[in-house]
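J.: First the structure, then my questions, so here it is.
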Amino acid sequence: MLASTLFALSTTGAFAQTAAENGFANAVNDPPPGYSGPVFELSHDYPAEHPGDCGPDDCPWLSIDVDFTTGVPLDWDDPDSNWNAYIMSMLDVAIRGQDPNFSNEAGFNTAPNGYPEWFHVPWMAYDPSAGREFAHGTTNERTAHLSDFVGSPMPNATPLTAMSNDCQAQFPHGFESWAVGVYNAWGGYAIGQAFPEDGMPALTQWGGQVVPRGLPFPDGTMVAKFLTTNATPDCVQYLEGSSVWMVNRHAYSDSTGYTCERALQETRLTQVDVAVIDPRSPTRWVYGTFGYSGNAEGDTVLERLVPLGLQWGSDPKTFPAVPRALSVPATESVLNLGIVPDVIEYEHWGCEGRLAGPVDNPVSSCLSCHASSFAAANGAIPVMGTNVPPSFGFSGICAAGGSAQNAAYFSNYNFPQAYPDAAYAGAVPLDTSLQLAVAFTQYATFANNGAPNACTNPNQF
Ligand code: HEC
């Protein structure tokens, strides 16, 4: 089926031009006059050709001996295991050629060797609420609360004793997260197929499903995402010495909290997420996460990133995918528990021993949230829980053991299957990319409404 039959509005030439302008825009708004800091440029010169096999230089993890199918709970520190080597090989590639202190001036360089090696997802500058800002191209994500960083009544919690009520008082609306993600050449090739130069999604058929052209992401794909927070070291001690970026994020007002107005303000690197395709994984994907810690050894900011864990499946035999009585311990995540509490002081894992990161939702997990990445059928505007799966959760998430929703959310989804809940029949699978989900949502908003949604109160995120 051609894209034009699914996106009925997208057939006129003039419209196509505008789709490209909107889709490949750099940022929601331009730098103000006199601004002399870094300016983000969307890297969208996607490789036109498949980059070929990914060798040990670009995909070193593929030749590291790991077993994703043991079916037993795993120990990061098991001397016979290679989890640490695996995740560090991902980080090495993600930060190769970058400024070791990840400074504001340097930002993330998409062309460390003089030609584009890292690529951004289009359409993420369309939405004024959360869309890309002009300095580093970051977008707004889940607001984290102090308890996410320094403890709450969760398993593995190690409350930070020095935590003061002052911080709580100083940041009553929590800490905003602003992040920027990049795909390597293999991922970039797929994105360029899915969003060709006209800026409109190209769709095709696979296994009875409508799917974006170029998906699934080919072997060799890597994604990295750099997350920053406006929490400060006097509130979250281990952010001491992290890189401080100035980004054009939501201005803050004492009376109303975060507002739709944007202003250049500080934000600090706190988390780095990585994801790769590894055909040995039951979902083809392996997700990993790092936290920045000023208490870690290392002379530079990037050396002080500590690995927190890896995940390659959603553990469909573990609660709440099944009732508690039938549940077995999680075996598709491996958590670097030894690092807590010495270095990072506190880390909340996701649901029931599955991996989630410091600024993520603790009742979810990396892959469960990501596997629910779908666009709505027939070019409609996606509404989570209505015509696309509820990525950000639902009533009873991680609680109602064996419910159909939990079973679907914590399943091992494989592209190009339909989401394992018939409520979302016809939804277009996006092979775990939630940035592509943002792109499809924004394109559908453009195609259906001709204008982005007005900014809504950022405190609701
Ligand atoms: C509750 C949902 C949720 C959880 C849990 C979650 N993410 Fe994400 N993630 C998102 C959303 C939404 C985006 C896209 C928005 C953006 O990047 O600005 C995203 C983007 C990403 C990206 C960029 C590529 C892509 O797929 O869009 C990576 C890589 C990533 N996340 C890794 C992780 C890792 C690793 C974990 C666990 C430590 C994790 N995520 C947990 C929601 C989640």
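Scheme for the structure tokens: letters A, B, ... for chains in order shown; per-chain residue numbers from 1; ligand numbers from 1 in order shown.
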Mind the document's chain letters and residue numbers, and return as a PyMOL selection string the residues of region 192-224 of chain A that DSSP labels strand (DSSP E or B).
T.: chain A and resi 203-206+209-212+222-224
J.: Got a sec to check which residues lie within 6 Å of ligand 1, using only C-alpha atoms and all ligand atoms, and send them as an NGL selection string?
T.: :A and (139 or 141 or 179 or 181 or 223-225 or 273-275 or 287-289 or 355-357 or 360-361 or 364-366 or 369-370 or 391-392 or 432-435)
J.: With N, CA, C and O atoms retained, write the just-selected residues as a short mmCIF file (atom, residue, chain, number, x, y, z; two decimals), in the first residue's frame.
T.:
```cif
data_model
loop_
_atom_site.label_atom_id
_atom_site.label_comp_id
_atom_site.auth_asym_id
_atom_site.auth_seq_id
_atom_site.Cartn_x
_atom_site.Cartn_y
_atom_site.Cartn_z
N THR A 139 14.88 17.24 23.71
CA THR A 139 13.43 17.27 23.82
C THR A 139 13.06 16.95 25.26
O THR A 139 13.85 16.35 25.99
N GLU A 141 11.34 15.21 28.40
CA GLU A 141 10.87 13.87 28.75
C GLU A 141 10.26 13.88 30.14
O GLU A 141 10.14 14.92 30.75
N ALA A 179 16.60 15.55 26.70
CA ALA A 179 17.48 14.50 26.17
C ALA A 179 17.61 14.61 24.66
O ALA A 179 16.71 15.12 23.98
N GLY A 181 18.76 12.08 21.28
CA GLY A 181 19.09 10.73 20.85
C GLY A 181 19.72 10.74 19.46
O GLY A 181 19.40 11.61 18.64
N VAL A 223 21.63 2.91 18.91
CA VAL A 223 21.04 4.20 19.30
C VAL A 223 21.65 4.61 20.63
O VAL A 223 21.84 3.75 21.50
N ALA A 224 21.92 5.88 20.79
CA ALA A 224 22.38 6.36 22.09
C ALA A 224 21.55 7.58 22.44
O ALA A 224 21.14 8.34 21.56
N LYS A 225 21.30 7.73 23.70
CA LYS A 225 20.50 8.88 24.14
C LYS A 225 21.14 9.47 25.40
O LYS A 225 21.45 8.75 26.34
N ASP A 273 21.55 6.30 27.76
CA ASP A 273 20.90 5.06 27.35
C ASP A 273 21.48 4.61 26.02
O ASP A 273 21.75 5.43 25.15
N VAL A 274 21.64 3.30 25.88
CA VAL A 274 22.10 2.76 24.60
C VAL A 274 21.20 1.59 24.23
O VAL A 274 20.63 0.93 25.10
N ALA A 275 21.08 1.34 22.94
CA ALA A 275 20.33 0.17 22.48
C ALA A 275 20.97 -0.30 21.18
O ALA A 275 21.36 0.53 20.35
N TYR A 287 19.11 -3.41 25.40
CA TYR A 287 19.10 -2.05 25.96
C TYR A 287 20.06 -1.99 27.14
O TYR A 287 20.17 -2.95 27.91
N GLY A 288 20.73 -0.87 27.29
CA GLY A 288 21.63 -0.71 28.42
C GLY A 288 21.59 0.73 28.91
O GLY A 288 21.23 1.64 28.16
N THR A 289 21.94 0.93 30.17
CA THR A 289 21.91 2.29 30.69
C THR A 289 23.08 2.57 31.63
O THR A 289 23.58 1.65 32.30
N LEU A 355 15.00 -4.00 34.06
CA LEU A 355 15.80 -2.77 34.04
C LEU A 355 14.98 -1.53 33.70
O LEU A 355 14.18 -1.53 32.77
N ALA A 356 15.20 -0.47 34.45
CA ALA A 356 14.75 0.88 34.06
C ALA A 356 15.84 1.83 34.55
O ALA A 356 16.65 1.46 35.41
N GLY A 357 15.87 3.03 34.05
CA GLY A 357 16.95 3.94 34.42
C GLY A 357 16.53 4.92 35.50
O GLY A 357 15.36 4.99 35.87
N ASP A 360 13.60 7.04 34.63
CA ASP A 360 12.48 6.34 33.99
C ASP A 360 11.37 6.02 34.98
O ASP A 360 11.57 6.08 36.19
N ASN A 361 10.25 5.59 34.42
CA ASN A 361 9.12 5.18 35.23
C ASN A 361 9.42 3.85 35.92
O ASN A 361 9.63 2.84 35.26
N SER A 364 7.68 0.43 35.01
CA SER A 364 7.81 -0.04 33.64
C SER A 364 9.17 -0.72 33.50
O SER A 364 9.77 -1.15 34.49
N SER A 365 9.69 -0.85 32.30
CA SER A 365 11.07 -1.26 32.08
C SER A 365 11.43 -0.82 30.68
O SER A 365 10.54 -0.52 29.87
N CYS A 366 12.73 -0.78 30.39
CA CYS A 366 13.18 -0.24 29.11
C CYS A 366 12.41 -0.88 27.95
O CYS A 366 11.73 -0.22 27.18
N CYS A 369 8.38 -0.72 27.77
CA CYS A 369 7.90 0.57 27.27
C CYS A 369 8.20 0.69 25.77
O CYS A 369 7.33 1.04 24.98
N HIS A 370 9.42 0.34 25.39
CA HIS A 370 9.82 0.53 23.99
C HIS A 370 9.10 -0.40 23.02
O HIS A 370 8.81 -0.02 21.89
N SER A 391 2.01 3.10 26.15
CA SER A 391 3.43 3.00 26.49
C SER A 391 3.74 3.50 27.89
O SER A 391 4.58 2.96 28.59
N PHE A 392 3.07 4.56 28.28
CA PHE A 392 3.42 5.19 29.56
C PHE A 392 2.64 4.62 30.72
O PHE A 392 2.66 5.17 31.81
N THR A 432 10.38 -0.81 18.25
CA THR A 432 10.79 -0.29 19.57
C THR A 432 11.23 1.18 19.58
O THR A 432 11.57 1.70 20.64
N SER A 433 11.23 1.85 18.44
CA SER A 433 11.72 3.24 18.47
C SER A 433 10.62 4.20 18.90
O SER A 433 9.69 4.49 18.15
N LEU A 434 10.75 4.72 20.11
CA LEU A 434 9.75 5.68 20.59
C LEU A 434 10.01 7.06 20.02
O LEU A 434 9.12 7.90 20.01
N GLN A 435 11.22 7.30 19.53
CA GLN A 435 11.43 8.57 18.82
C GLN A 435 10.70 8.53 17.49
O GLN A 435 10.11 9.53 17.08
#
```
J.: Mind checking which residues fall within 9 Å of Trp178 (chain A), counting only C-alpha atoms, ignoring those fewer than 3 positions away in the same chain, and posting them as a list in words?
T.: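 Selected residues are Ala130, Thr138, Thr139, Asn140, Glu141, Arg142, Phe226, Leu227, Thr228, Thr229, Asn230, Val247, Arg249 and Thr267 of chain A.
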J.: Considering only C-alpha atoms, state which residue in the set A:Phe102, A:Asn459, A:Trp312, A:Phe415 is at the smallest distance from Pro172 (chain A).
T.: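 Ranking A:Phe102, A:Asn459, A:Trp312, A:Phe415 by distance to Pro172 (chain A), first place goes to A:Asn459.
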J.: Each residue of region 399-452 of chain A with at least one atom at most 12 Å from region 200-204 of chain A should appear once, together with its nearest atom pair and the corresponding distance in Å (one decimal); atoms considered: only C-alpha atoms; ordering: chain, then increasing residue number; output as CSV.
T.:
```
residue,atom,partner,partner_atom,distance
A:Pro416,CA,A:Thr204,CA,11.5
A:Val428,CA,A:Leu203,CA,9.1
A:Pro429,CA,A:Leu203,CA,10.9
A:Leu430,CA,A:Leu203,CA,11.1
A:Leu436,CA,A:Pro201,CA,10.1
A:Ala437,CA,A:Pro201,CA,11.4
A:Ala439,CA,A:Pro201,CA,9.0
A:Phe440,CA,A:Pro201,CA,7.5
A:Thr441,CA,A:Pro201,CA,10.9
A:Gln442,CA,A:Met200,CA,10.7
A:Tyr443,CA,A:Met200,CA,7.3
A:Ala444,CA,A:Met200,CA,9.5
A:Phe446,CA,A:Met200,CA,10.2
A:Ala447,CA,A:Met200,CA,9.2
```
J.: To one decimal place, how far is CA of Ser243 (chain A) from CA of Val121 (chain A) in Å?
T.: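 Separation between CA of Ser243 (chain A) and CA of Val121 (chain A): 23.9 Å.
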